[in-house]
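To start, the structure itself, in structure tokens.
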Amino acid sequence: MSEVSLQIDGREVAASDDMTILGAAKSAGIAIPTVCHHEKLKPFGGCRLCTVEAEDGGRTTLVAACVYPVQPGLVVRTRSQQIDKIRKVLTEQLLAYAPESEVLKTLAKEYHADKDRFAIEPSFCILCGLCVRYCAEIKQKNAVGFVDRGPTREINFIPEIAARECWDCKECFPLCPTSALQAAYVLMKSLAPVPSSERECEKPAQTNSVPGRNQNNTLFAANGGNKTPLQANAKG
Amino acid sequence: MINSPTELEQLRQEILAKRNSEKARISVCAGASCLAMGARKVIDGFNAEIEKDGLKNDVNIKGTGCPGFCERGPIVVIDPEQICYLQVTAQDVAEIVSETITKKKVLDRLLYSDPATNEKAIREADIPFYRHQERNIIGNNIKIDPKCIDDYLALGGYSALTKALFQMTSEQVVEEVKKSGLRGRGGGGFPTGIKWDAARKAPGNTKYVIVNADEGDPGAFMDRAVLEGNPHSILEGLIIGAYAIGCHEGYMYVRQEYPLALENVGVAIKQAQEYGFLGRNILGSNFDFDIKVHRGAGAFVCGEETALLLSLEGKPGEPRSRPPYPATSGLWGKPTNINNVETWANVPLIINNGADWFNQFGTARSKGTKIFSLVGKIRNTGLVEVPMGATLRDIIYKIGDGIPGGKKFKAIQTGGPAGGCIPEEHLDIAVDFDELIKAGAIMGSGGMIVMDEDTCMVDIARYFLNFLTQESCGKCSPCREGVKQMHRILTNITEGRGKEGDIELLEELAMSTSSASLCALGKNAPNPVLSTIRYFRHEYETHIKEKRCPSYTCQGLVSYYIDPAKCDACRICARECSSQAIIGGKNLIHIVDQAKCNSCGTCFEVCPTKFGAVIRISGASVPAAIPEEMRIVVRPKHVPKRPQQKENAI
């Protein structure tokens, strides 16, 4: 492992060559915003809020700082008009799912994001994958995973594994950047015994889908299975 | 099993000697499109007819790969005269055998006839569709039965492999490919030789080569034609690449939706193994290499190389960030080289003919030929192979023969769903990797969709964004959310809910999506939106401000009205209306019940031209229906004879 020298926001920064831009910046005390990053987990590059400008040999590209490896002579800018614009739009897009998330509210303040810019679809889940990756990489249980792709992607607990592993763990709850209740709720749904009388008519409940995503903007509060519909504040 | 280049040449001479003794060869395109049009029956018909006439030993009949003129399939070529018959049916077979094969007489009615001059063309090369092409890759398709390796050998197949293995070092092969200037045909356009070099120089003993045959662009079928029609050309390129890079294992990632391609590739690999082109000690060169086929499970994003690699490993097909590039860390973390089908198929040509030969085709920075699938509102639908740098105008008008139905050209969409739309004023640009990007589109893998004046450009952008929304893997938020939000805005605009500021919001979303997305799908996804805003901004504005769709495409913005002065009460529209929205009866002027009408436009299409009573309205209010008491059609009195007699009788 050798040492690499690069420039971040005009400062010369020394880093080891296995570091990412994010790691190097952190070690130099330069903050780059992240949502899907966790130091115990492998870099994911999903939320893209850590997008920065990287200039290499005169060519400037926008890269995700959490996954981009440092290179000697790399010139990094963590703020610019364009970067701020990107972070503003990305924050606004995520706020549509979790308008009350403290992490997102802080970002909104910094980048002047309007939480009402896009129609609210409060699923609480912004698909950062922290729970999924923590369960896979640290706990090695794979009790929670992504299901489907694109606009219908969601997180799901696999009941067979969750019933065995999740009662005494719940370590993914505090990782959730939007609301620990979200993971809790999905887990509860997955583990709740279905009364035999409802088994037939409540088929959709057994799919453990994230509430709000597929249910006509009707959201169920996650207080121990007490299903209180909250009308989503749909806009536009 | 062939053990040396000499043995291969001997075998080739034997095959050629046998071919020369044949009196005639009948080649019927057995590509997916011609098969759908009844080519199988034509082939069976020829076999039966030849058997019946006792010509079995003199005539060779085969189902071949696709020559590209899909518009006029099934296609039959008769050699040695090279007579090209189009739209052949099973009913034509007997006559072809008795006249053309036996009496050497050409059947005029099956020849290509120039729509302008009515002049007939006998040979493939005389047909304008083919004449303006440079068919280095697909030109051989019609000469090859893809399930018969001897056909490929008869055309000099696997001679590039022997040249590479016995006359060139692996380094020389890489250098030759570098010198040729070949760039990746899958859409990235990365120089192939440089990619090979990186994989070759990457440390490690285990390396992989992969054929990306996950062609997923709607309306694109270039790779399909090569996979189905000439699979050995891909295999030969791949084996040469493996030798150059120094690896012994390869994969072909073929999409599940191409059953014929999977079948033909499977047969080709088996034959290549039997002949000794794959396996241990290939042709006695001490070089070992073998191939496995992997079937893709239907995700568009798996055409992206990092997603393809993870899918091959059995993981969800989601792209990962680069670097590290597959050349250093690819399949199972080993150095890996992935190229598209067409890129691999170019390799034997480069090795056989040399880089300088390849270099003569193309522009300064894009060399060689490129296959495009020309579809949409175009007379000659099909596969078109032209040198890089051909103009869009030549492709559309000289090869494609222009727009059917007397309509006006509006735009051509290049590069698949994440490509861009190019208008009339840019038709003279040279089609290569860099010029298309300058025009706001991309080369992509070679899809070309022609649109005429009846196409709404906002609706087209909505259509492609809908595809991309569904196919985004959802891993990174700029793509997952950005494409979805853009699609939502476009849907609103096309349904009459557009508002001031929508265009600016689209541009802002396009910026964040293209700048911050993880892979090329997200980075290019805004192209359909940005290119249509760039060239057809006025269409967006009329949709938003006037709630009007200029091409009467967007159902939410179009109403239909029947002109009472023209309606003849013929009841055709009322019968065809799927919503039962037309009120009328015998001798009663018809009206459209606007509450029931879903603006499908059927009434407009079926109203006889002599009446032309159905009117399309967009951006204006619909006149009130004519009052019920005024709906009776007064026709000139016409008194039939019989009743008159009856009257007299009374």
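By convention here, the chains of the structure tokens are called A, B, ... in the order presented, each chain's residues are numbered starting at 1, and ligands are numbered starting at 1 in the order presented.
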With a cut-off of 9 Å and counting only C-alpha atoms, select all residues of chain A in contact with chain B and give the selection as an mmCIF file with C-alpha atoms, in the first residue's frame.
data_model
loop_
_atom_site.group_PDB
_atom_site.id
_atom_site.type_symbol
_atom_site.label_atom_id
_atom_site.label_comp_id
_atom_site.auth_asym_id
_atom_site.auth_seq_id
_atom_site.Cartn_x
_atom_site.Cartn_y
_atom_site.Cartn_z
ATOM 1 C CA PHE A 44 -22.568 0.942 -2.762
ATOM 2 C CA GLY A 45 -22.828 4.109 -4.868
ATOM 3 C CA GLY A 46 -26.620 4.177 -4.783
ATOM 4 C CA CYS A 47 -27.778 7.565 -3.478
ATOM 5 C CA ARG A 48 -25.221 9.559 -5.496
ATOM 6 C CA LEU A 49 -25.420 12.503 -3.074
ATOM 7 C CA THR A 51 -21.241 13.206 -6.407
ATOM 8 C CA THR A 61 -15.983 14.065 -14.746
ATOM 9 C CA LEU A 62 -18.687 13.791 -12.127
ATOM 10 C CA VAL A 63 -18.083 10.742 -9.949
ATOM 11 C CA ALA A 64 -19.518 9.239 -6.783
ATOM 12 C CA VAL A 67 -16.809 4.414 -4.819
ATOM 13 C CA TYR A 68 -14.210 6.316 -6.833
ATOM 14 C CA PRO A 69 -10.641 5.313 -5.952
ATOM 15 C CA GLN A 82 -23.659 22.037 -10.706
ATOM 16 C CA ILE A 83 -22.950 19.726 -7.779
ATOM 17 C CA LYS A 85 -27.970 21.599 -8.211
ATOM 18 C CA ILE A 86 -27.629 17.819 -8.479
ATOM 19 C CA ARG A 87 -27.740 17.372 -4.703
ATOM 20 C CA VAL A 89 -32.750 17.603 -7.068
ATOM 21 C CA LEU A 90 -31.650 14.259 -5.577
ATOM 22 C CA GLN A 93 -36.643 13.258 -5.114
ATOM 23 C CA LEU A 94 -35.924 11.325 -1.922
ATOM 24 C CA PHE A 118 -42.430 16.195 -6.311
ATOM 25 C CA ILE A 126 -35.502 5.590 -0.037
ATOM 26 C CA LEU A 127 -33.880 2.285 -1.046
ATOM 27 C CA CYS A 128 -30.448 3.187 0.309
ATOM 28 C CA GLY A 129 -29.976 -0.501 1.063
ATOM 29 C CA ASP A 148 -38.062 -6.174 -8.126
ATOM 30 C CA ARG A 149 -36.456 -3.365 -10.112
ATOM 31 C CA GLY A 150 -36.995 0.237 -11.160
ATOM 32 C CA PRO A 151 -40.108 1.979 -9.873
ATOM 33 C CA THR A 152 -41.441 -1.155 -8.173
ATOM 34 C CA ARG A 153 -38.243 -1.937 -6.266
#
Run DSSP on the backbone and grab whatever in range 275-411 of chain B lands in strand (DSSP E or B); send it over as a PDB file with C-alpha atoms, in the first residue's frame.
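Final output, saved to out.pdb:
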ATOM      1  CA  GLY B 279     -11.308 -27.442 -26.922  1.00  0.00           C
ATOM      2  CA  PHE B 289     -10.159 -22.559 -25.326  1.00  0.00           C
ATOM      3  CA  ASP B 290     -13.800 -23.387 -24.791  1.00  0.00           C
ATOM      4  CA  ILE B 291     -17.115 -21.544 -24.616  1.00  0.00           C
ATOM      5  CA  LYS B 292     -20.226 -21.814 -22.471  1.00  0.00           C
ATOM      6  CA  VAL B 293     -23.578 -20.241 -23.309  1.00  0.00           C
ATOM      7  CA  HIS B 294     -25.455 -18.347 -20.614  1.00  0.00           C
ATOM      8  CA  ARG B 295     -29.072 -17.380 -21.153  1.00  0.00           C
ATOM      9  CA  GLY B 296     -30.082 -13.930 -19.977  1.00  0.00           C
ATOM     10  CA  THR B 336     -12.305 -10.013 -18.371  1.00  0.00           C
ATOM     11  CA  ASN B 337     -12.882  -8.696 -21.859  1.00  0.00           C
ATOM     12  CA  ILE B 338     -16.467  -8.135 -23.019  1.00  0.00           C
ATOM     13  CA  ASN B 339     -17.361  -7.218 -26.564  1.00  0.00           C
ATOM     14  CA  ASN B 340     -20.595  -7.026 -28.450  1.00  0.00           C
ATOM     15  CA  GLY B 362     -15.419   4.829 -42.239  1.00  0.00           C
ATOM     16  CA  LYS B 367     -13.687   2.828 -38.794  1.00  0.00           C
ATOM     17  CA  THR B 369     -18.979  -0.713 -41.332  1.00  0.00           C
ATOM     18  CA  LYS B 370     -21.928  -0.731 -38.963  1.00  0.00           C
ATOM     19  CA  ILE B 371     -25.201  -2.643 -39.151  1.00  0.00           C
ATOM     20  CA  PHE B 372     -28.350  -0.656 -38.403  1.00  0.00           C
ATOM     21  CA  SER B 373     -31.877  -1.900 -38.065  1.00  0.00           C
ATOM     22  CA  LEU B 374     -34.008   0.460 -40.074  1.00  0.00           C
ATOM     23  CA  VAL B 375     -37.603   0.378 -38.870  1.00  0.00           C
ATOM     24  CA  GLY B 376     -40.659   2.574 -38.393  1.00  0.00           C
ATOM     25  CA  GLY B 382     -34.693  -4.254 -42.609  1.00  0.00           C
ATOM     26  CA  LEU B 383     -31.033  -4.540 -41.699  1.00  0.00           C
ATOM     27  CA  VAL B 384     -28.669  -2.100 -43.311  1.00  0.00           C
ATOM     28  CA  GLU B 385     -24.873  -2.293 -43.234  1.00  0.00           C
ATOM     29  CA  VAL B 386     -23.073   0.860 -44.310  1.00  0.00           C
ATOM     30  CA  PRO B 387     -19.600   2.314 -43.839  1.00  0.00           C
ATOM     31  CA  THR B 391     -25.386  10.114 -44.126  1.00  0.00           C
ATOM     32  CA  PHE B 409     -40.389  12.797 -42.761  1.00  0.00           C
ATOM     33  CA  LYS B 410     -40.239  14.207 -39.252  1.00  0.00           C
ATOM     34  CA  ALA B 411     -37.396  12.634 -37.279  1.00  0.00           C
TER      35      ALA B 411
END
* Asked: Can you tell me, as number ranges by chain, what residues are no more than 7 Å from range 14-21 of chain A when counting only C-alpha atoms, ignoring any on the same chain fewer than 6 positions away?
  -> A: 1-6, 65-70
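The shortest atom-to-atom distance to Trp344 in chain B, with only C-alpha atoms taken into account, belongs to B:Glu236 out of B:Cys421, B:Glu236, B:Ala439, B:Gly246.
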